[in-house]
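Peer 1: Got structure_26.txt for you, compact mmCIF, N, CA and C atoms and all ligand atoms:
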# COMPACT_ATOMS: atom_id res chain seq x y z
N MET A 528 -19.77 -21.98 -5.28
CA MET A 528 -19.05 -20.69 -5.37
C MET A 528 -19.00 -20.22 -6.83
N LYS A 529 -19.20 -18.93 -7.03
CA LYS A 529 -19.21 -18.38 -8.40
C LYS A 529 -17.81 -18.43 -9.01
N GLU A 530 -17.77 -18.89 -10.29
CA GLU A 530 -16.45 -18.97 -10.95
C GLU A 530 -15.93 -17.59 -11.28
N GLU A 531 -14.59 -17.46 -11.26
CA GLU A 531 -13.96 -16.19 -11.66
C GLU A 531 -14.23 -15.92 -13.14
N GLN A 532 -14.51 -14.69 -13.47
CA GLN A 532 -14.69 -14.31 -14.87
C GLN A 532 -13.39 -14.55 -15.65
N GLN A 533 -13.50 -15.16 -16.84
CA GLN A 533 -12.32 -15.35 -17.71
C GLN A 533 -12.32 -14.24 -18.76
N TRP A 534 -11.25 -13.52 -18.85
CA TRP A 534 -11.17 -12.41 -19.80
C TRP A 534 -10.30 -12.80 -20.99
N GLN A 535 -10.79 -12.45 -22.23
CA GLN A 535 -10.01 -12.71 -23.44
C GLN A 535 -9.95 -11.42 -24.25
N ALA A 536 -8.71 -10.98 -24.51
CA ALA A 536 -8.52 -9.69 -25.19
C ALA A 536 -9.22 -9.67 -26.54
N GLY A 537 -9.99 -8.61 -26.78
CA GLY A 537 -10.66 -8.44 -28.06
C GLY A 537 -11.95 -9.24 -28.17
N ILE A 538 -12.24 -10.11 -27.19
CA ILE A 538 -13.47 -10.91 -27.23
C ILE A 538 -14.47 -10.40 -26.18
N ASN A 539 -14.04 -10.43 -24.93
CA ASN A 539 -14.94 -9.82 -23.93
C ASN A 539 -14.21 -8.76 -23.09
N THR A 540 -13.02 -8.40 -23.56
CA THR A 540 -12.35 -7.25 -22.95
C THR A 540 -11.47 -6.57 -24.02
N HIS A 541 -10.94 -5.43 -23.66
CA HIS A 541 -10.16 -4.61 -24.60
C HIS A 541 -8.84 -5.32 -24.96
N GLU A 542 -8.39 -5.12 -26.21
CA GLU A 542 -7.15 -5.80 -26.63
C GLU A 542 -5.93 -5.27 -25.88
N ASN A 543 -5.89 -3.98 -25.65
CA ASN A 543 -4.72 -3.34 -25.04
C ASN A 543 -5.13 -2.48 -23.86
N ALA A 544 -4.30 -2.50 -22.83
CA ALA A 544 -4.60 -1.76 -21.61
C ALA A 544 -3.66 -0.56 -21.47
N ILE A 545 -4.26 0.60 -21.33
CA ILE A 545 -3.47 1.82 -21.12
C ILE A 545 -3.68 2.25 -19.66
N PHE A 546 -2.59 2.56 -19.00
CA PHE A 546 -2.68 3.16 -17.67
C PHE A 546 -2.07 4.54 -17.75
N SER A 547 -2.87 5.54 -17.43
CA SER A 547 -2.40 6.93 -17.53
C SER A 547 -2.25 7.53 -16.14
N CYS A 548 -1.15 8.25 -15.94
CA CYS A 548 -1.12 9.13 -14.78
C CYS A 548 -2.10 10.26 -15.07
N PHE A 549 -2.63 10.88 -14.07
CA PHE A 549 -3.45 12.07 -14.32
C PHE A 549 -3.29 13.00 -13.13
N GLY A 550 -2.20 13.75 -13.17
CA GLY A 550 -2.02 14.79 -12.16
C GLY A 550 -2.68 16.06 -12.69
N GLY A 551 -3.77 16.46 -12.07
CA GLY A 551 -4.49 17.63 -12.55
C GLY A 551 -3.87 18.95 -12.17
N ALA A 552 -2.72 18.92 -11.50
CA ALA A 552 -2.08 20.16 -11.08
C ALA A 552 -0.81 20.45 -11.86
N SER A 553 -0.64 19.76 -12.99
CA SER A 553 0.51 20.05 -13.86
C SER A 553 0.09 19.87 -15.32
N ASN A 554 0.78 20.58 -16.21
CA ASN A 554 0.48 20.43 -17.64
C ASN A 554 0.77 19.00 -18.10
N THR A 555 1.78 18.38 -17.54
CA THR A 555 2.16 17.03 -17.97
C THR A 555 1.10 15.98 -17.59
N GLY A 556 0.62 16.06 -16.37
CA GLY A 556 -0.38 15.09 -15.91
C GLY A 556 -1.68 15.23 -16.69
N ILE A 557 -2.10 16.45 -16.95
CA ILE A 557 -3.34 16.67 -17.70
C ILE A 557 -3.16 16.20 -19.14
N THR A 558 -2.02 16.52 -19.74
CA THR A 558 -1.77 16.12 -21.14
C THR A 558 -1.79 14.59 -21.27
N SER A 559 -1.24 13.91 -20.30
CA SER A 559 -1.22 12.44 -20.32
C SER A 559 -2.64 11.89 -20.40
N GLY A 560 -3.51 12.36 -19.51
CA GLY A 560 -4.89 11.87 -19.50
C GLY A 560 -5.62 12.21 -20.79
N LEU A 561 -5.47 13.43 -21.26
CA LEU A 561 -6.18 13.85 -22.48
C LEU A 561 -5.69 13.06 -23.69
N ALA A 562 -4.37 12.85 -23.77
CA ALA A 562 -3.83 12.11 -24.92
C ALA A 562 -4.34 10.67 -24.93
N CYS A 563 -4.40 10.05 -23.76
CA CYS A 563 -4.90 8.66 -23.69
C CYS A 563 -6.36 8.60 -24.12
N LEU A 564 -7.15 9.58 -23.73
CA LEU A 564 -8.55 9.60 -24.15
C LEU A 564 -8.66 9.77 -25.67
N GLU A 565 -7.81 10.59 -26.24
CA GLU A 565 -7.81 10.75 -27.71
C GLU A 565 -7.45 9.44 -28.40
N VAL A 566 -6.56 8.67 -27.80
CA VAL A 566 -6.19 7.36 -28.36
C VAL A 566 -7.42 6.45 -28.43
N VAL A 567 -8.16 6.40 -27.34
CA VAL A 567 -9.34 5.52 -27.30
C VAL A 567 -10.41 6.02 -28.27
N LYS A 568 -10.54 7.33 -28.39
CA LYS A 568 -11.50 7.89 -29.35
C LYS A 568 -11.11 7.49 -30.78
N GLU A 569 -9.81 7.49 -31.05
CA GLU A 569 -9.34 7.17 -32.41
C GLU A 569 -9.40 5.67 -32.71
N LEU A 570 -8.95 4.85 -31.79
CA LEU A 570 -8.83 3.41 -32.07
C LEU A 570 -10.09 2.62 -31.73
N GLY A 571 -10.91 3.14 -30.83
CA GLY A 571 -12.11 2.42 -30.41
C GLY A 571 -11.83 1.53 -29.21
N LEU A 572 -12.93 1.21 -28.51
CA LEU A 572 -12.80 0.50 -27.23
C LEU A 572 -12.43 -0.98 -27.37
N GLN A 573 -12.63 -1.56 -28.55
CA GLN A 573 -12.18 -2.95 -28.70
C GLN A 573 -10.65 -3.00 -28.69
N LYS A 574 -10.04 -2.03 -29.34
CA LYS A 574 -8.57 -2.01 -29.47
C LYS A 574 -7.90 -1.57 -28.16
N ALA A 575 -8.45 -0.60 -27.46
CA ALA A 575 -7.75 -0.08 -26.27
C ALA A 575 -8.71 0.61 -25.31
N ALA A 576 -8.35 0.55 -24.04
CA ALA A 576 -9.10 1.31 -23.03
C ALA A 576 -8.14 1.82 -21.97
N ILE A 577 -8.53 2.91 -21.35
CA ILE A 577 -7.79 3.41 -20.18
C ILE A 577 -8.30 2.61 -18.99
N MET A 578 -7.41 1.87 -18.37
CA MET A 578 -7.80 1.04 -17.23
C MET A 578 -7.72 1.85 -15.95
N CYS A 579 -8.36 1.31 -14.90
CA CYS A 579 -8.43 2.03 -13.62
C CYS A 579 -7.12 1.82 -12.85
N LEU A 580 -6.27 2.84 -12.85
CA LEU A 580 -4.98 2.72 -12.16
C LEU A 580 -5.16 2.42 -10.67
N GLY A 581 -6.16 3.05 -10.07
CA GLY A 581 -6.41 2.82 -8.64
C GLY A 581 -6.90 1.41 -8.34
N GLY A 582 -7.34 0.67 -9.36
CA GLY A 582 -7.81 -0.70 -9.15
C GLY A 582 -6.68 -1.69 -8.94
N LEU A 583 -5.45 -1.29 -9.24
CA LEU A 583 -4.33 -2.22 -9.06
C LEU A 583 -3.90 -2.33 -7.59
N PRO A 584 -3.54 -1.23 -6.93
CA PRO A 584 -3.13 -1.38 -5.51
C PRO A 584 -4.29 -1.79 -4.61
N THR A 585 -5.52 -1.62 -5.09
CA THR A 585 -6.68 -2.01 -4.28
C THR A 585 -7.20 -3.40 -4.67
N SER A 586 -6.47 -4.08 -5.59
CA SER A 586 -6.78 -5.46 -5.98
C SER A 586 -8.21 -5.64 -6.48
N VAL A 587 -8.67 -4.76 -7.35
CA VAL A 587 -9.99 -4.91 -7.96
C VAL A 587 -9.91 -6.03 -9.00
N LYS A 588 -10.66 -7.10 -8.79
CA LYS A 588 -10.48 -8.31 -9.62
C LYS A 588 -10.67 -8.07 -11.12
N PRO A 589 -11.74 -7.38 -11.56
CA PRO A 589 -11.87 -7.18 -13.01
C PRO A 589 -10.71 -6.38 -13.61
N VAL A 590 -10.19 -5.44 -12.86
CA VAL A 590 -9.06 -4.65 -13.38
C VAL A 590 -7.83 -5.55 -13.52
N LEU A 591 -7.57 -6.36 -12.52
CA LEU A 591 -6.43 -7.29 -12.59
C LEU A 591 -6.62 -8.30 -13.72
N GLY A 592 -7.82 -8.85 -13.85
CA GLY A 592 -8.08 -9.86 -14.87
C GLY A 592 -7.97 -9.30 -16.28
N LYS A 593 -8.54 -8.13 -16.50
CA LYS A 593 -8.48 -7.52 -17.83
C LYS A 593 -7.05 -7.11 -18.17
N THR A 594 -6.31 -6.70 -17.19
CA THR A 594 -4.91 -6.32 -17.43
C THR A 594 -4.09 -7.56 -17.78
N ARG A 595 -4.32 -8.65 -17.08
CA ARG A 595 -3.61 -9.91 -17.39
C ARG A 595 -3.91 -10.37 -18.81
N ALA A 596 -5.13 -10.14 -19.27
CA ALA A 596 -5.55 -10.60 -20.60
C ALA A 596 -5.01 -9.72 -21.72
N ALA A 597 -4.61 -8.50 -21.42
CA ALA A 597 -4.26 -7.53 -22.47
C ALA A 597 -3.04 -7.98 -23.26
N LYS A 598 -3.09 -7.70 -24.59
CA LYS A 598 -1.93 -8.02 -25.44
C LYS A 598 -0.77 -7.10 -25.08
N LYS A 599 -1.04 -5.83 -24.92
CA LYS A 599 0.00 -4.89 -24.48
C LYS A 599 -0.52 -4.09 -23.30
N ILE A 600 0.39 -3.80 -22.38
CA ILE A 600 0.08 -2.92 -21.25
C ILE A 600 0.99 -1.71 -21.41
N ILE A 601 0.39 -0.55 -21.54
CA ILE A 601 1.17 0.66 -21.79
C ILE A 601 0.92 1.64 -20.66
N THR A 602 1.99 2.13 -20.07
CA THR A 602 1.82 3.20 -19.08
C THR A 602 2.21 4.52 -19.72
N VAL A 603 1.42 5.54 -19.44
CA VAL A 603 1.71 6.88 -19.94
C VAL A 603 1.84 7.79 -18.74
N ASP A 604 3.04 8.34 -18.60
CA ASP A 604 3.32 9.25 -17.48
C ASP A 604 3.73 10.60 -18.02
N GLY A 605 3.35 11.63 -17.29
CA GLY A 605 3.71 12.96 -17.72
C GLY A 605 5.16 13.30 -17.43
N CYS A 606 5.65 12.88 -16.29
CA CYS A 606 6.96 13.36 -15.85
C CYS A 606 7.80 12.23 -15.25
N PRO A 607 9.05 12.50 -14.90
CA PRO A 607 9.94 11.41 -14.45
C PRO A 607 9.55 10.74 -13.13
N PHE A 608 8.55 11.24 -12.43
CA PHE A 608 8.10 10.49 -11.25
C PHE A 608 7.47 9.15 -11.65
N GLU A 609 6.96 9.09 -12.90
CA GLU A 609 6.46 7.83 -13.47
C GLU A 609 5.49 7.08 -12.54
N CYS A 610 4.51 7.80 -12.07
CA CYS A 610 3.56 7.23 -11.11
C CYS A 610 2.87 5.98 -11.66
N SER A 611 2.38 6.04 -12.90
CA SER A 611 1.61 4.88 -13.39
C SER A 611 2.53 3.68 -13.64
N ARG A 612 3.72 3.90 -14.20
CA ARG A 612 4.62 2.75 -14.41
C ARG A 612 4.93 2.06 -13.08
N LYS A 613 5.21 2.84 -12.05
CA LYS A 613 5.57 2.24 -10.76
C LYS A 613 4.40 1.45 -10.17
N ILE A 614 3.20 2.01 -10.27
CA ILE A 614 2.02 1.31 -9.72
C ILE A 614 1.77 0.01 -10.49
N VAL A 615 1.87 0.09 -11.81
CA VAL A 615 1.62 -1.10 -12.64
C VAL A 615 2.68 -2.17 -12.36
N GLU A 616 3.93 -1.76 -12.24
CA GLU A 616 4.99 -2.74 -11.94
C GLU A 616 4.82 -3.33 -10.54
N GLN A 617 4.42 -2.50 -9.59
CA GLN A 617 4.21 -3.02 -8.23
C GLN A 617 3.09 -4.06 -8.19
N ALA A 618 2.19 -3.99 -9.17
CA ALA A 618 1.11 -4.99 -9.24
C ALA A 618 1.57 -6.25 -9.98
N GLY A 619 2.83 -6.28 -10.42
CA GLY A 619 3.39 -7.49 -11.02
C GLY A 619 3.39 -7.52 -12.54
N PHE A 620 3.07 -6.41 -13.19
CA PHE A 620 3.04 -6.37 -14.65
C PHE A 620 4.30 -5.72 -15.21
N LYS A 621 4.56 -5.99 -16.51
CA LYS A 621 5.72 -5.41 -17.17
C LYS A 621 5.24 -4.52 -18.33
N PRO A 622 4.98 -3.26 -18.05
CA PRO A 622 4.41 -2.40 -19.10
C PRO A 622 5.46 -1.85 -20.05
N ILE A 623 4.97 -1.40 -21.21
CA ILE A 623 5.77 -0.54 -22.10
C ILE A 623 5.56 0.88 -21.57
N SER A 624 6.66 1.57 -21.30
CA SER A 624 6.56 2.89 -20.65
C SER A 624 6.70 4.04 -21.63
N ILE A 625 5.79 4.99 -21.54
CA ILE A 625 5.92 6.27 -22.24
C ILE A 625 5.96 7.35 -21.18
N VAL A 626 6.94 8.26 -21.30
CA VAL A 626 7.04 9.40 -20.37
C VAL A 626 7.10 10.66 -21.23
N LEU A 627 6.17 11.56 -21.03
CA LEU A 627 6.05 12.69 -21.96
C LEU A 627 7.24 13.65 -21.90
N THR A 628 7.82 13.86 -20.74
CA THR A 628 9.01 14.72 -20.69
C THR A 628 10.19 14.07 -21.42
N ARG A 629 10.29 12.77 -21.35
CA ARG A 629 11.39 12.04 -22.00
C ARG A 629 11.12 11.81 -23.49
N ASP A 630 9.90 11.45 -23.82
CA ASP A 630 9.63 10.92 -25.17
C ASP A 630 9.06 11.94 -26.16
N ILE A 631 8.46 13.01 -25.67
CA ILE A 631 8.07 14.07 -26.62
C ILE A 631 8.63 15.43 -26.21
N GLY A 632 9.52 15.43 -25.23
CA GLY A 632 10.23 16.66 -24.86
C GLY A 632 9.39 17.70 -24.12
N MET A 633 8.33 17.25 -23.44
CA MET A 633 7.53 18.23 -22.69
C MET A 633 8.30 18.83 -21.54
N LYS A 634 8.02 20.07 -21.22
CA LYS A 634 8.56 20.72 -20.01
C LYS A 634 7.43 20.78 -18.99
N LYS A 635 7.68 20.24 -17.81
CA LYS A 635 6.63 20.21 -16.79
C LYS A 635 6.43 21.58 -16.17
N LYS A 636 5.17 21.96 -15.97
CA LYS A 636 4.86 23.18 -15.23
C LYS A 636 3.83 22.84 -14.16
N GLY A 637 4.18 23.08 -12.92
CA GLY A 637 3.23 22.95 -11.83
C GLY A 637 2.30 24.15 -11.88
N LEU A 638 0.99 23.91 -11.94
CA LEU A 638 0.07 25.03 -12.16
C LEU A 638 -0.03 25.92 -10.92
N SER A 639 0.34 25.42 -9.75
CA SER A 639 0.28 26.25 -8.54
C SER A 639 1.32 27.36 -8.55
N GLU A 640 2.31 27.24 -9.45
CA GLU A 640 3.37 28.27 -9.51
C GLU A 640 2.80 29.66 -9.78
N ASP A 641 1.67 29.71 -10.48
CA ASP A 641 1.13 31.02 -10.87
C ASP A 641 0.09 31.55 -9.89
N ILE A 642 -0.20 30.82 -8.82
CA ILE A 642 -1.16 31.32 -7.83
C ILE A 642 -0.55 32.53 -7.13
N GLY A 643 -1.34 33.58 -7.00
CA GLY A 643 -0.83 34.82 -6.39
C GLY A 643 -0.18 35.73 -7.41
N ARG A 644 -0.01 35.21 -8.65
CA ARG A 644 0.51 36.06 -9.74
C ARG A 644 -0.57 36.14 -10.81
N GLU A 645 -0.31 35.52 -11.95
CA GLU A 645 -1.34 35.57 -12.99
C GLU A 645 -1.81 34.17 -13.31
N ILE A 646 -2.67 33.65 -12.47
CA ILE A 646 -3.18 32.30 -12.70
C ILE A 646 -4.18 32.33 -13.87
N LYS A 647 -4.00 31.38 -14.80
CA LYS A 647 -4.85 31.36 -16.00
C LYS A 647 -5.90 30.26 -15.88
N GLY A 648 -6.75 30.16 -16.85
CA GLY A 648 -7.70 29.03 -16.91
C GLY A 648 -6.93 27.75 -17.19
N VAL A 649 -7.42 26.64 -16.67
CA VAL A 649 -6.63 25.40 -16.71
C VAL A 649 -6.23 25.00 -18.13
N MET A 650 -7.13 25.14 -19.09
CA MET A 650 -6.80 24.67 -20.44
C MET A 650 -5.80 25.58 -21.16
N GLU A 651 -5.57 26.77 -20.61
CA GLU A 651 -4.56 27.65 -21.21
C GLU A 651 -3.14 27.12 -20.96
N TYR A 652 -3.01 26.17 -20.05
CA TYR A 652 -1.69 25.56 -19.79
C TYR A 652 -1.45 24.32 -20.66
N ILE A 653 -2.46 23.96 -21.44
CA ILE A 653 -2.37 22.72 -22.22
C ILE A 653 -2.17 23.05 -23.68
N SER A 654 -1.20 22.36 -24.30
CA SER A 654 -0.90 22.58 -25.71
C SER A 654 -1.56 21.47 -26.54
N ASP A 655 -2.41 21.89 -27.49
CA ASP A 655 -3.04 20.91 -28.38
C ASP A 655 -1.99 20.11 -29.13
N ASP A 656 -0.91 20.79 -29.49
CA ASP A 656 0.16 20.12 -30.24
C ASP A 656 0.81 19.00 -29.40
N GLU A 657 1.02 19.27 -28.11
CA GLU A 657 1.61 18.23 -27.25
C GLU A 657 0.64 17.07 -27.02
N VAL A 658 -0.66 17.39 -26.88
CA VAL A 658 -1.65 16.30 -26.73
C VAL A 658 -1.61 15.43 -28.00
N LYS A 659 -1.53 16.08 -29.17
CA LYS A 659 -1.52 15.35 -30.44
C LYS A 659 -0.26 14.49 -30.57
N LYS A 660 0.89 15.08 -30.22
CA LYS A 660 2.16 14.31 -30.30
C LYS A 660 2.11 13.09 -29.38
N ALA A 661 1.62 13.30 -28.17
CA ALA A 661 1.53 12.19 -27.21
C ALA A 661 0.57 11.14 -27.72
N LYS A 662 -0.57 11.57 -28.26
CA LYS A 662 -1.56 10.63 -28.80
C LYS A 662 -0.95 9.79 -29.91
N GLU A 663 -0.21 10.45 -30.81
CA GLU A 663 0.37 9.72 -31.94
C GLU A 663 1.40 8.69 -31.48
N LEU A 664 2.18 9.05 -30.46
CA LEU A 664 3.17 8.11 -29.93
C LEU A 664 2.49 6.89 -29.30
N ILE A 665 1.42 7.13 -28.56
CA ILE A 665 0.71 6.01 -27.92
C ILE A 665 0.07 5.12 -28.99
N VAL A 666 -0.56 5.74 -29.99
CA VAL A 666 -1.19 4.95 -31.07
C VAL A 666 -0.13 4.09 -31.76
N SER A 667 1.02 4.66 -32.09
CA SER A 667 2.03 3.86 -32.80
C SER A 667 2.57 2.76 -31.89
N THR A 668 2.65 2.99 -30.60
CA THR A 668 3.10 1.95 -29.67
C THR A 668 2.10 0.79 -29.62
N ILE A 669 0.83 1.11 -29.69
CA ILE A 669 -0.20 0.05 -29.69
C ILE A 669 -0.21 -0.70 -31.02
N MET A 670 -0.08 0.02 -32.12
CA MET A 670 -0.28 -0.59 -33.44
C MET A 670 0.96 -1.33 -33.95
N ASN A 671 2.18 -0.95 -33.49
CA ASN A 671 3.38 -1.63 -33.95
C ASN A 671 3.47 -3.03 -33.35
N GLU A 672 3.70 -3.98 -34.22
CA GLU A 672 3.83 -5.37 -33.74
C GLU A 672 5.12 -5.55 -32.98
S1 LIG A 701 3.96 11.01 -13.35
FE1 LIG A 701 4.32 13.18 -12.89
S2 LIG A 701 2.64 14.26 -13.94
FE2 LIG A 701 2.03 12.12 -13.75
S3 LIG A 701 0.81 12.00 -11.83
FE3 LIG A 701 2.97 11.46 -11.36
S4 LIG A 701 3.89 13.41 -10.67
FE4 LIG A 701 2.00 13.93 -11.80
Using the file provided, produce a representation of the structure as structure tokens.

Peer 2:
Amino acid sequence: MKEEQQWQAGINTHENAIFSCFGGASNTGITSGLACLEVVKELGLQKAAIMCLGGLPTSVKPVLGKTRAAKKIITVDGCPFECSRKIVEQAGFKPISIVLTRDIGMKKKGLSEDIGREIKGVMEYISDDEVKKAKELIVSTIMNE
């Protein structure tokens, strides 16, 4: 029988695991995903990666193994529903939680609210400043000992 892959943070897997919510129908969910991607672009893939959130409830072995190996597990959620924190905790992990409405003061807007009125292009609902603030908070959470 084939042996299970052994994962070691920073050697054959990422040092830190980020789990992002990504609700594409709200400014908060989109900002969460974009900010996490900016973090990985800034720090590089050895330091951090966005892990597959859907791989936890579906018991995908590499996702579980790499998450177990991570030095820090960080969940980034847009709003108080905290979808990623709940999924990560239900899989048995204890993440550091970031919630954008709580931690950078974002106001959630459901993008469907403007359907039938003046619906804009999706990126017009996203603030570069909020993506930057969220990115900086995630980076400092990863880098602080
Ligand atoms: S935490 Fe909020 S913004 Fe993120 S996916 Fe869940 S409901 Fe959407």

Peer 1: For ligand LIG 701 (chain A), which residue among A:Gly556, A:Gly551, A:Gly637, A:Gly581 is the nearest when counting only C-alpha atoms and all ligand atoms?

Peer 2: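 With only C-alpha atoms and all ligand atoms as the atom set, the closest residue is A:Gly556.
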
Peer 1: Once you count only N, CA and C atoms and all ligand atoms, which residues end up within 6.5 Å of ligand LIG 701 (chain A), and could you hand them over as a PyMOL selection string?

Peer 2: chain A and resi 548-551+553+555-557+604-611

Peer 1: Looking at A:Leu664, A:Ile646, A:Ile653, A:Ala576, which one is nearest to Ser547 (chain A), with distances taken over only C-alpha atoms?

Peer 2: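 Checking each candidate against Ser547 (chain A), we get A:Ala576 as the closest.
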
Peer 1: Report the residues of chain A whose backbone DSSP state falls under helix (DSSP H, G or I), written as a ChimeraX atom specification.

Peer 2: /A:554-570,580-582,588-596,610-617,627-630,638-641,649-652,655-670

Peer 1: Please list as a ChimeraX atom specification every residue within 8 Å of Ile614 (chain A), counting only N, CA and C atoms and excluding residues in the same chain fewer than 4 positions away.

Peer 2: /A:580,583-584,609-610,618-620

Peer 1: What lies within 6.5 Å of Ala562 (chain A) using only N, CA and C atoms, ignoring chain neighbours under 2 positions off, as a list of chain:residue names?

Peer 2: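 Once the adjacent positions are removed, what remains is A:Ile557, A:Thr558, A:Ser559, A:Gly560, A:Leu564, A:Glu565, A:Val566, A:Val567, A:Val658, A:Lys659, A:Ala661, A:Lys662.
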
Peer 1: Kindly indicate which residue among A:Val603, A:Lys598, A:Ala552, A:Gly582 lies nearest to Gln535 (chain A), using only N, CA and C atoms for the distances.

Peer 2: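 The closest residue to Gln535 (chain A) is A:Lys598.
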
Peer 1: Could you state the separation of CA of His541 (chain A) and CA of Asp656 (chain A) in Å, given to one decimal place?

Peer 2: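 Between CA of His541 (chain A) and CA of Asp656 (chain A) the gap is 27.4 Å.
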